[in-house]
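File shown: protein_5.pdb (PDB, C-alpha atoms and all ligand atoms).
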ATOM      1  CA  MET A1238     -57.518  58.387 -12.052
ATOM      2  CA  GLY A1239     -56.902  57.028 -15.550
ATOM      3  CA  LEU A1240     -59.114  54.665 -17.486
ATOM      4  CA  ARG A1241     -59.505  51.075 -16.379
ATOM      5  CA  LEU A1242     -60.638  47.919 -18.129
ATOM      6  CA  GLY A1243     -64.412  47.858 -18.464
ATOM      7  CA  ASP A1244     -64.730  51.669 -18.368
ATOM      8  CA  VAL A1245     -66.609  53.480 -21.108
ATOM      9  CA  ALA A1246     -64.098  54.766 -23.676
ATOM     10  CA  PRO A1247     -64.577  58.551 -23.749
ATOM     11  CA  ASN A1248     -65.916  59.986 -26.996
ATOM     12  CA  PHE A1249     -64.242  62.988 -28.641
ATOM     13  CA  LYS A1250     -64.093  65.001 -31.823
ATOM     14  CA  ALA A1251     -60.666  65.529 -33.380
ATOM     15  CA  GLN A1252     -58.797  66.840 -36.419
ATOM     16  CA  THR A1253     -57.141  63.985 -38.287
ATOM     17  CA  THR A1254     -55.302  63.305 -41.514
ATOM     18  CA  GLU A1255     -58.670  62.074 -42.861
ATOM     19  CA  GLY A1256     -60.636  65.180 -41.781
ATOM     20  CA  GLU A1257     -62.560  65.898 -38.588
ATOM     21  CA  ILE A1258     -63.932  62.797 -36.905
ATOM     22  CA  ASP A1259     -66.241  61.943 -34.059
ATOM     23  CA  PHE A1260     -64.662  58.890 -32.416
ATOM     24  CA  TYR A1261     -67.886  56.970 -31.806
ATOM     25  CA  GLU A1262     -69.132  57.710 -35.335
ATOM     26  CA  TYR A1263     -65.810  56.573 -36.747
ATOM     27  CA  LEU A1264     -66.027  53.294 -34.823
ATOM     28  CA  GLY A1265     -69.689  52.645 -35.593
ATOM     29  CA  SER A1266     -70.358  49.064 -34.494
ATOM     30  CA  SER A1267     -66.754  47.945 -35.087
ATOM     31  CA  TRP A1268     -64.028  47.177 -32.611
ATOM     32  CA  GLY A1269     -61.445  49.945 -32.336
ATOM     33  CA  ILE A1270     -57.781  50.528 -31.624
ATOM     34  CA  LEU A1271     -56.710  53.948 -30.394
ATOM     35  CA  PHE A1272     -52.947  54.160 -30.064
ATOM     36  CA  SER A1273     -50.589  56.995 -29.263
ATOM     37  CA  HIS A1274     -47.007  57.578 -30.287
ATOM     38  CA  PRO A1275     -44.572  60.137 -28.862
ATOM     39  CA  ALA A1276     -43.783  62.271 -31.901
ATOM     40  CA  ASP A1277     -43.750  62.552 -35.696
ATOM     41  CA  PHE A1278     -40.510  62.125 -37.648
ATOM     42  CA  THR A1279     -39.068  59.710 -35.102
ATOM     43  CA  PRO A1280     -37.711  56.302 -36.079
ATOM     44  CA  VAL A1281     -39.607  53.847 -33.864
ATOM     45  CA  CYS A1282     -42.927  55.614 -34.468
ATOM     46  CA  THR A1283     -42.287  55.483 -38.225
ATOM     47  CA  THR A1284     -41.919  51.696 -38.068
ATOM     48  CA  GLU A1285     -44.969  51.309 -35.808
ATOM     49  CA  LEU A1286     -47.322  53.250 -38.049
ATOM     50  CA  GLY A1287     -45.847  51.502 -41.092
ATOM     51  CA  LYS A1288     -46.430  48.056 -39.564
ATOM     52  CA  THR A1289     -49.987  49.003 -38.641
ATOM     53  CA  ALA A1290     -50.578  50.131 -42.227
ATOM     54  CA  LEU A1291     -49.177  46.853 -43.581
ATOM     55  CA  LEU A1292     -51.592  44.977 -41.288
ATOM     56  CA  GLN A1293     -54.624  47.112 -42.215
ATOM     57  CA  GLU A1294     -56.325  44.207 -44.010
ATOM     58  CA  GLU A1295     -55.796  41.946 -40.989
ATOM     59  CA  PHE A1296     -57.442  44.522 -38.733
ATOM     60  CA  ALA A1297     -60.290  45.022 -41.229
ATOM     61  CA  LYS A1298     -60.861  41.235 -41.445
ATOM     62  CA  ARG A1299     -61.398  41.262 -37.688
ATOM     63  CA  ASN A1300     -63.765  44.234 -37.926
ATOM     64  CA  VAL A1301     -61.303  46.564 -36.186
ATOM     65  CA  LYS A1302     -60.898  50.258 -37.026
ATOM     66  CA  VAL A1303     -57.566  51.858 -36.226
ATOM     67  CA  LEU A1304     -56.844  55.411 -35.088
ATOM     68  CA  ALA A1305     -53.411  56.836 -34.207
ATOM     69  CA  VAL A1306     -52.730  59.936 -32.129
ATOM     70  CA  SER A1307     -49.935  62.264 -31.129
ATOM     71  CA  ILE A1308     -49.823  65.881 -30.091
ATOM     72  CA  ASP A1309     -48.118  67.024 -33.315
ATOM     73  CA  PRO A1310     -50.000  69.332 -35.705
ATOM     74  CA  LEU A1311     -51.848  68.197 -38.816
ATOM     75  CA  ASP A1312     -49.400  69.637 -41.367
ATOM     76  CA  LYS A1313     -46.580  67.691 -39.674
ATOM     77  CA  HIS A1314     -48.637  64.473 -39.695
ATOM     78  CA  LEU A1315     -49.336  64.897 -43.416
ATOM     79  CA  GLU A1316     -45.644  65.403 -44.235
ATOM     80  CA  TRP A1317     -44.538  62.531 -41.990
ATOM     81  CA  ARG A1318     -47.133  60.185 -43.503
ATOM     82  CA  LYS A1319     -45.316  60.525 -46.862
ATOM     83  CA  ASP A1320     -42.092  59.366 -45.176
ATOM     84  CA  ILE A1321     -43.874  56.434 -43.498
ATOM     85  CA  ASN A1322     -45.330  55.297 -46.821
ATOM     86  CA  GLU A1323     -41.983  55.674 -48.570
ATOM     87  CA  THR A1324     -39.740  54.036 -45.986
ATOM     88  CA  GLN A1325     -42.086  51.253 -44.813
ATOM     89  CA  ASN A1326     -43.483  50.407 -48.284
ATOM     90  CA  CYS A1327     -47.044  50.959 -47.152
ATOM     91  CA  SER A1328     -49.999  53.247 -47.588
ATOM     92  CA  VAL A1329     -51.294  54.570 -44.280
ATOM     93  CA  GLY A1330     -55.076  54.478 -44.667
ATOM     94  CA  PHE A1331     -56.141  55.084 -41.086
ATOM     95  CA  PRO A1332     -56.537  58.542 -39.527
ATOM     96  CA  ILE A1333     -53.787  60.097 -37.412
ATOM     97  CA  ILE A1334     -55.187  62.539 -34.864
ATOM     98  CA  ALA A1335     -53.474  65.918 -34.516
ATOM     99  CA  ASP A1336     -54.031  66.326 -30.785
ATOM    100  CA  GLU A1337     -52.367  69.716 -30.321
ATOM    101  CA  SER A1338     -54.827  70.638 -27.555
ATOM    102  CA  ARG A1339     -54.032  67.307 -25.805
ATOM    103  CA  ASN A1340     -57.734  66.646 -25.434
ATOM    104  CA  VAL A1341     -57.448  62.984 -26.450
ATOM    105  CA  ALA A1342     -54.146  62.527 -24.619
ATOM    106  CA  THR A1343     -55.759  63.822 -21.430
ATOM    107  CA  LEU A1344     -58.992  61.828 -21.767
ATOM    108  CA  TYR A1345     -56.960  58.634 -22.225
ATOM    109  CA  ASP A1346     -54.158  59.536 -19.789
ATOM    110  CA  MET A1347     -51.517  59.171 -22.482
ATOM    111  CA  ILE A1348     -49.034  61.673 -21.034
ATOM    112  CA  HIS A1349     -47.011  60.220 -18.178
ATOM    113  CA  PRO A1350     -45.116  63.211 -16.780
ATOM    114  CA  ASN A1351     -42.338  61.159 -15.211
ATOM    115  CA  ALA A1352     -41.600  59.641 -18.618
ATOM    116  CA  SER A1353     -42.037  62.854 -20.630
ATOM    117  CA  ALA A1354     -43.650  66.140 -19.639
ATOM    118  CA  THR A1355     -45.045  66.739 -23.105
ATOM    119  CA  ALA A1356     -45.001  63.701 -25.402
ATOM    120  CA  THR A1357     -47.556  60.891 -25.292
ATOM    121  CA  VAL A1358     -46.200  57.480 -24.327
ATOM    122  CA  ARG A1359     -47.030  54.404 -26.428
ATOM    123  CA  SER A1360     -50.532  53.713 -25.104
ATOM    124  CA  LEU A1361     -52.848  51.361 -26.939
ATOM    125  CA  PHE A1362     -56.526  50.831 -26.165
ATOM    126  CA  VAL A1363     -58.775  48.184 -27.668
ATOM    127  CA  ILE A1364     -62.401  49.266 -27.540
ATOM    128  CA  GLY A1365     -65.294  46.868 -28.046
ATOM    129  CA  PRO A1366     -68.441  47.478 -30.124
ATOM    130  CA  ASP A1367     -70.113  48.330 -26.787
ATOM    131  CA  LYS A1368     -67.573  51.210 -26.441
ATOM    132  CA  LEU A1369     -66.025  49.670 -23.326
ATOM    133  CA  VAL A1370     -62.261  49.463 -22.844
ATOM    134  CA  LYS A1371     -61.211  45.824 -23.389
ATOM    135  CA  LEU A1372     -57.422  46.113 -23.348
ATOM    136  CA  MET A1373     -54.763  48.655 -22.447
ATOM    137  CA  ILE A1374     -51.064  48.312 -23.098
ATOM    138  CA  ILE A1375     -48.457  50.955 -22.359
ATOM    139  CA  TYR A1376     -44.924  50.907 -23.729
ATOM    140  CA  PRO A1377     -42.140  53.448 -23.284
ATOM    141  CA  ALA A1378     -40.953  55.590 -26.193
ATOM    142  CA  SER A1379     -37.859  53.440 -26.666
ATOM    143  CA  THR A1380     -39.725  50.186 -27.410
ATOM    144  CA  GLY A1381     -41.860  49.607 -30.478
ATOM    145  CA  ARG A1382     -44.965  47.502 -29.994
ATOM    146  CA  ASN A1383     -45.616  44.078 -31.500
ATOM    147  CA  PHE A1384     -48.674  44.482 -33.719
ATOM    148  CA  TYR A1385     -48.975  40.727 -34.285
ATOM    149  CA  GLU A1386     -49.519  40.510 -30.528
ATOM    150  CA  VAL A1387     -52.234  43.144 -30.828
ATOM    151  CA  LEU A1388     -53.950  41.017 -33.514
ATOM    152  CA  ARG A1389     -53.562  37.921 -31.341
ATOM    153  CA  VAL A1390     -55.155  39.618 -28.346
ATOM    154  CA  ILE A1391     -58.034  40.905 -30.463
ATOM    155  CA  GLU A1392     -58.706  37.328 -31.594
ATOM    156  CA  SER A1393     -58.769  36.251 -27.958
ATOM    157  CA  LEU A1394     -61.032  39.158 -26.948
ATOM    158  CA  GLN A1395     -63.474  38.408 -29.757
ATOM    159  CA  LEU A1396     -63.508  34.681 -29.035
ATOM    160  CA  THR A1397     -63.941  35.060 -25.283
ATOM    161  CA  ALA A1398     -66.716  37.624 -25.802
ATOM    162  CA  ASN A1399     -68.765  34.976 -27.599
ATOM    163  CA  TYR A1400     -67.945  31.711 -25.798
ATOM    164  CA  SER A1401     -67.445  30.694 -22.156
ATOM    165  CA  VAL A1402     -63.723  30.228 -22.707
ATOM    166  CA  ALA A1403     -60.417  31.898 -21.876
ATOM    167  CA  THR A1404     -57.144  31.600 -23.788
ATOM    168  CA  PRO A1405     -53.977  30.157 -22.224
ATOM    169  CA  ALA A1406     -50.473  31.597 -22.265
ATOM    170  CA  ASP A1407     -49.114  32.123 -25.773
ATOM    171  CA  TRP A1408     -52.396  30.913 -27.306
ATOM    172  CA  LYS A1409     -52.726  31.327 -31.044
ATOM    173  CA  HIS A1410     -55.741  31.035 -33.328
ATOM    174  CA  GLY A1411     -56.706  27.377 -33.808
ATOM    175  CA  GLU A1412     -55.170  26.087 -30.583
ATOM    176  CA  ASP A1413     -57.114  24.620 -27.671
ATOM    177  CA  VAL A1414     -58.740  27.046 -25.254
ATOM    178  CA  ILE A1415     -59.643  26.877 -21.575
ATOM    179  CA  VAL A1416     -63.153  26.394 -20.169
ATOM    180  CA  VAL A1417     -63.850  29.287 -17.778
ATOM    181  CA  PRO A1418     -64.116  28.359 -14.078
ATOM    182  CA  ALA A1419     -67.772  29.523 -13.942
ATOM    183  CA  VAL A1420     -68.805  26.542 -16.110
ATOM    184  CA  SER A1421     -68.942  23.163 -14.368
ATOM    185  CA  THR A1422     -67.287  20.219 -16.076
ATOM    186  CA  GLU A1423     -70.703  18.594 -16.450
ATOM    187  CA  ASP A1424     -72.049  21.675 -18.249
ATOM    188  CA  ALA A1425     -68.846  22.076 -20.262
ATOM    189  CA  ILE A1426     -69.247  18.567 -21.689
ATOM    190  CA  LYS A1427     -72.791  19.478 -22.817
ATOM    191  CA  LYS A1428     -71.725  22.896 -24.132
ATOM    192  CA  PHE A1429     -68.557  22.021 -26.054
ATOM    193  CA  SER A1430     -69.391  19.316 -28.587
ATOM    194  CA  LYS A1431     -65.746  18.897 -29.645
ATOM    195  CA  GLY A1432     -64.910  17.494 -26.215
ATOM    196  CA  VAL A1433     -63.379  18.593 -22.925
ATOM    197  CA  LYS A1434     -60.011  17.441 -21.609
ATOM    198  CA  VAL A1435     -59.890  17.653 -17.796
ATOM    199  CA  VAL A1436     -56.286  18.088 -16.571
ATOM    200  CA  LYS A1437     -57.344  19.301 -13.120
ATOM    201  CA  PRO A1438     -60.868  20.147 -11.954
ATOM    202  CA  TYR A1439     -59.979  23.821 -12.557
ATOM    203  CA  LEU A1440     -57.950  23.303 -15.762
ATOM    204  CA  ARG A1441     -60.120  22.077 -18.605
ATOM    205  CA  TYR A1442     -59.301  22.417 -22.298
ATOM    206  CA  THR A1443     -61.539  22.305 -25.349
ATOM    207  CA  PRO A1444     -60.785  22.805 -29.035
ATOM    208  CA  GLN A1445     -61.396  26.367 -30.207
ATOM    209  CA  PRO A1446     -65.180  26.361 -30.650
ATOM    210  CA  ASP A1447     -65.468  28.647 -33.704
ATOM    211  CA  VAL A1448     -63.052  26.871 -36.060
ATOM    212  CA  ASP A1449     -63.639  23.671 -38.074
TER     213      ASP A1449
HETATM  214  C1  LIG B   1     -38.998  56.961 -31.752
HETATM  215  O1  LIG B   1     -40.141  56.846 -32.197
HETATM  216  O2  LIG B   1     -38.038  56.519 -32.347
HETATM  217  C2  LIG B   1     -38.772  57.626 -30.440
HETATM  218  C3  LIG B   1     -39.615  58.648 -30.029
HETATM  219  C4  LIG B   1     -39.369  59.271 -28.828
HETATM  220  C5  LIG B   1     -38.274  58.871 -28.048
HETATM  221  C6  LIG B   1     -37.468  57.831 -28.455
HETATM  222  C7  LIG B   1     -37.716  57.198 -29.668
END
Represent the supplied structure as structure tokens.
Amino acid sequence: MGLRLGDVAPNFKAQTTEGEIDFYEYLGSSWGILFSHPADFTPVCTTELGKTALLQEEFAKRNVKVLAVSIDPLDKHLEWRKDINETQNCSVGFPIIADESRNVATLYDMIHPNASATATVRSLFVIGPDKLVKLMIIYPASTGRNFYEVLRVIESLQLTANYSVATPADWKHGEDVIVVPAVSTEDAIKKFSKGVKVVKPYLRYTPQPDVD
């Protein structure tokens, strides 16, 4: 049985392009993204790690630490990183795990044998400061992920962790959010000083509470 939302994210120690790390120590009290790619020196993976590097400041602003993983060896990662920096005009500053033993891939169920017997698929886990799994997305090797979507979901996860709200389809930062069903309309009106728009008894909107 693989990991599920709400499970404790397993800790591990691993060799990375930034030296040996203990996952929990690396995360500290931050949010974390652990994401796998199938193989080094492949085109889609090159663009994915490059895009992540270009968005490093955006992740840092949201208190998110990033960690990539594949089962390729460290010397290959270090050589490939030069290509990523050169071709994507970036500077990869996050660690890339050399998971030759497949320890991380196994803990996080990143090898899907009917997709590939050996390579990791494109799994991505968002881990909260409480070390619980908050989000999992899995893409096939042929499709690069949308890292703006990852940022968008992190904003939703962080907002909904702090307020009794949920975010509607296609929500973006600054747009109205939904009052969760557990809060009565009477309580919502007291709780959300910016106002509550009742469309249906179960569909109530309020302006995003943490923006001016
Ligand atoms: C790629 O990153 O381009 C890729 C990797 C494995 C299979 C297909 C594409």
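If you look at atom CA of Asn1351 of chain A and atom CA of Gly1239 of chain A, they are 15.1 Å away from each other.
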Where does chain A meet ligand LIG 1 (chain B) within 12 Å, residue by residue, with the nearest atom pair and distance in Å to one decimal for each, counting all atoms listed in the file, listed by chain and rising number, as a Markdown table?
| residue | atom | partner | partner_atom | distance |
| --- | --- | --- | --- | --- |
| A:Ser1273 | CA | B:LIG1 | O1 | 10.9 |
| A:His1274 | CA | B:LIG1 | O1 | 7.2 |
| A:Pro1275 | CA | B:LIG1 | C4 | 5.3 |
| A:Ala1276 | CA | B:LIG1 | C3 | 5.8 |
| A:Asp1277 | CA | B:LIG1 | O1 | 7.6 |
| A:Phe1278 | CA | B:LIG1 | O1 | 7.6 |
| A:Thr1279 | CA | B:LIG1 | O1 | 4.2 |
| A:Pro1280 | CA | B:LIG1 | O2 | 3.8 |
| A:Val1281 | CA | B:LIG1 | O2 | 3.5 |
| A:Cys1282 | CA | B:LIG1 | O1 | 3.8 |
| A:Thr1283 | CA | B:LIG1 | O1 | 6.5 |
| A:Thr1284 | CA | B:LIG1 | O1 | 8.0 |
| A:Glu1285 | CA | B:LIG1 | O1 | 8.2 |
| A:Leu1286 | CA | B:LIG1 | O1 | 9.9 |
| A:Gly1287 | CA | B:LIG1 | O1 | 11.8 |
| A:Ser1307 | CA | B:LIG1 | C3 | 11.0 |
| A:Ile1321 | CA | B:LIG1 | O1 | 11.9 |
| A:Ala1352 | CA | B:LIG1 | C5 | 10.0 |
| A:Ser1353 | CA | B:LIG1 | C5 | 9.2 |
| A:Thr1355 | CA | B:LIG1 | C4 | 11.0 |
| A:Ala1356 | CA | B:LIG1 | C4 | 7.9 |
| A:Thr1357 | CA | B:LIG1 | C4 | 9.1 |
| A:Val1358 | CA | B:LIG1 | C4 | 8.4 |
| A:Arg1359 | CA | B:LIG1 | C3 | 9.3 |
| A:Tyr1376 | CA | B:LIG1 | C6 | 11.2 |
| A:Pro1377 | CA | B:LIG1 | C5 | 8.2 |
| A:Ala1378 | CA | B:LIG1 | C5 | 4.6 |
| A:Ser1379 | CA | B:LIG1 | C6 | 4.8 |
| A:Thr1380 | CA | B:LIG1 | C7 | 7.6 |
| A:Gly1381 | CA | B:LIG1 | O1 | 7.6 |
| A:Arg1382 | CA | B:LIG1 | O1 | 10.7 |
Evaluate the PyMOL selection byres (((chain A and resi 1433-1447) around 8) and not hetatm) and report residues as an NGL selection string: :A and (1396 or 1400 or 1410-1416 or 1418 or 1422 or 1425-1426 or 1429 or 1431-1432 or 1448-1449)
Apply the PyMOL selection byres (((chain A and resi 1342) around 10) and not hetatm) to the structure shown and report the selected residues as a PDB file with C-alpha atoms, keeping the file's coordinate frame.
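Saved the output as result_4.pdb:
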ATOM      1  CA  SER A1273     -50.589  56.995 -29.263  1.00  0.00           C
ATOM      2  CA  VAL A1306     -52.730  59.936 -32.129  1.00  0.00           C
ATOM      3  CA  SER A1307     -49.935  62.264 -31.129  1.00  0.00           C
ATOM      4  CA  ILE A1308     -49.823  65.881 -30.091  1.00  0.00           C
ATOM      5  CA  ASP A1336     -54.031  66.326 -30.785  1.00  0.00           C
ATOM      6  CA  GLU A1337     -52.367  69.716 -30.321  1.00  0.00           C
ATOM      7  CA  SER A1338     -54.827  70.638 -27.555  1.00  0.00           C
ATOM      8  CA  ARG A1339     -54.032  67.307 -25.805  1.00  0.00           C
ATOM      9  CA  ASN A1340     -57.734  66.646 -25.434  1.00  0.00           C
ATOM     10  CA  VAL A1341     -57.448  62.984 -26.450  1.00  0.00           C
ATOM     11  CA  THR A1343     -55.759  63.822 -21.430  1.00  0.00           C
ATOM     12  CA  LEU A1344     -58.992  61.828 -21.767  1.00  0.00           C
ATOM     13  CA  TYR A1345     -56.960  58.634 -22.225  1.00  0.00           C
ATOM     14  CA  ASP A1346     -54.158  59.536 -19.789  1.00  0.00           C
ATOM     15  CA  MET A1347     -51.517  59.171 -22.482  1.00  0.00           C
ATOM     16  CA  ILE A1348     -49.034  61.673 -21.034  1.00  0.00           C
ATOM     17  CA  HIS A1349     -47.011  60.220 -18.178  1.00  0.00           C
ATOM     18  CA  ALA A1356     -45.001  63.701 -25.402  1.00  0.00           C
ATOM     19  CA  THR A1357     -47.556  60.891 -25.292  1.00  0.00           C
ATOM     20  CA  VAL A1358     -46.200  57.480 -24.327  1.00  0.00           C
ATOM     21  CA  SER A1360     -50.532  53.713 -25.104  1.00  0.00           C
TER      22      SER A1360
END
Distance in Å - atom CA of Arg1241 of chain A versus atom CA of Thr1397 of chain A: 18.9 Å
Tell me, in Å to one decimal, how far atom CA of Ala1398 of chain A is from atom CA of Tyr1385 of chain A. 19.9 Å
Nearest to Ala1305 of chain A among A:Leu1291, A:Ile1334, A:Val1390, A:Val1329, with distances taken over all atoms listed in the file: which residue is it? A:Ile1334
Since I can't run it myself right now, could you work out what the PyMOL selection byres (((chain A and resi 1248-1250) around 9) and not hetatm) selects here and report it as a list in words?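 Evaluating the PyMOL selection byres (((chain A and resi 1248-1250) around 9) and not hetatm) on this file yields Val1245, Ala1246, Pro1247, Ala1251, Gln1252, Glu1257, Ile1258, Asp1259, Phe1260, Tyr1261, Asn1340, Val1341, Leu1344 and Lys1368 of chain A.
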Do you know which residues lie at most 12 Å from (-59.0, 42.4, -39.3), with coordinates as in the file and all atoms listed in the file counted, and could you write them as an mmCIF file with C-alpha atoms, in the frame of the given file?
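The result, stored in point29.cif:
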data_model
loop_
_atom_site.group_PDB
_atom_site.id
_atom_site.type_symbol
_atom_site.label_atom_id
_atom_site.label_comp_id
_atom_site.auth_asym_id
_atom_site.auth_seq_id
_atom_site.Cartn_x
_atom_site.Cartn_y
_atom_site.Cartn_z
ATOM 1 C CA SER A 1267 -66.754 47.945 -35.087
ATOM 2 C CA TRP A 1268 -64.028 47.177 -32.611
ATOM 3 C CA GLY A 1269 -61.445 49.945 -32.336
ATOM 4 C CA ILE A 1270 -57.781 50.528 -31.624
ATOM 5 C CA THR A 1289 -49.987 49.003 -38.641
ATOM 6 C CA ALA A 1290 -50.578 50.131 -42.227
ATOM 7 C CA LEU A 1291 -49.177 46.853 -43.581
ATOM 8 C CA LEU A 1292 -51.592 44.977 -41.288
ATOM 9 C CA GLN A 1293 -54.624 47.112 -42.215
ATOM 10 C CA GLU A 1294 -56.325 44.207 -44.010
ATOM 11 C CA GLU A 1295 -55.796 41.946 -40.989
ATOM 12 C CA PHE A 1296 -57.442 44.522 -38.733
ATOM 13 C CA ALA A 1297 -60.290 45.022 -41.229
ATOM 14 C CA LYS A 1298 -60.861 41.235 -41.445
ATOM 15 C CA ARG A 1299 -61.398 41.262 -37.688
ATOM 16 C CA ASN A 1300 -63.765 44.234 -37.926
ATOM 17 C CA VAL A 1301 -61.303 46.564 -36.186
ATOM 18 C CA LYS A 1302 -60.898 50.258 -37.026
ATOM 19 C CA VAL A 1303 -57.566 51.858 -36.226
ATOM 20 C CA PHE A 1384 -48.674 44.482 -33.719
ATOM 21 C CA TYR A 1385 -48.975 40.727 -34.285
ATOM 22 C CA VAL A 1387 -52.234 43.144 -30.828
ATOM 23 C CA LEU A 1388 -53.950 41.017 -33.514
ATOM 24 C CA ARG A 1389 -53.562 37.921 -31.341
ATOM 25 C CA VAL A 1390 -55.155 39.618 -28.346
ATOM 26 C CA ILE A 1391 -58.034 40.905 -30.463
ATOM 27 C CA GLU A 1392 -58.706 37.328 -31.594
ATOM 28 C CA GLN A 1395 -63.474 38.408 -29.757
#
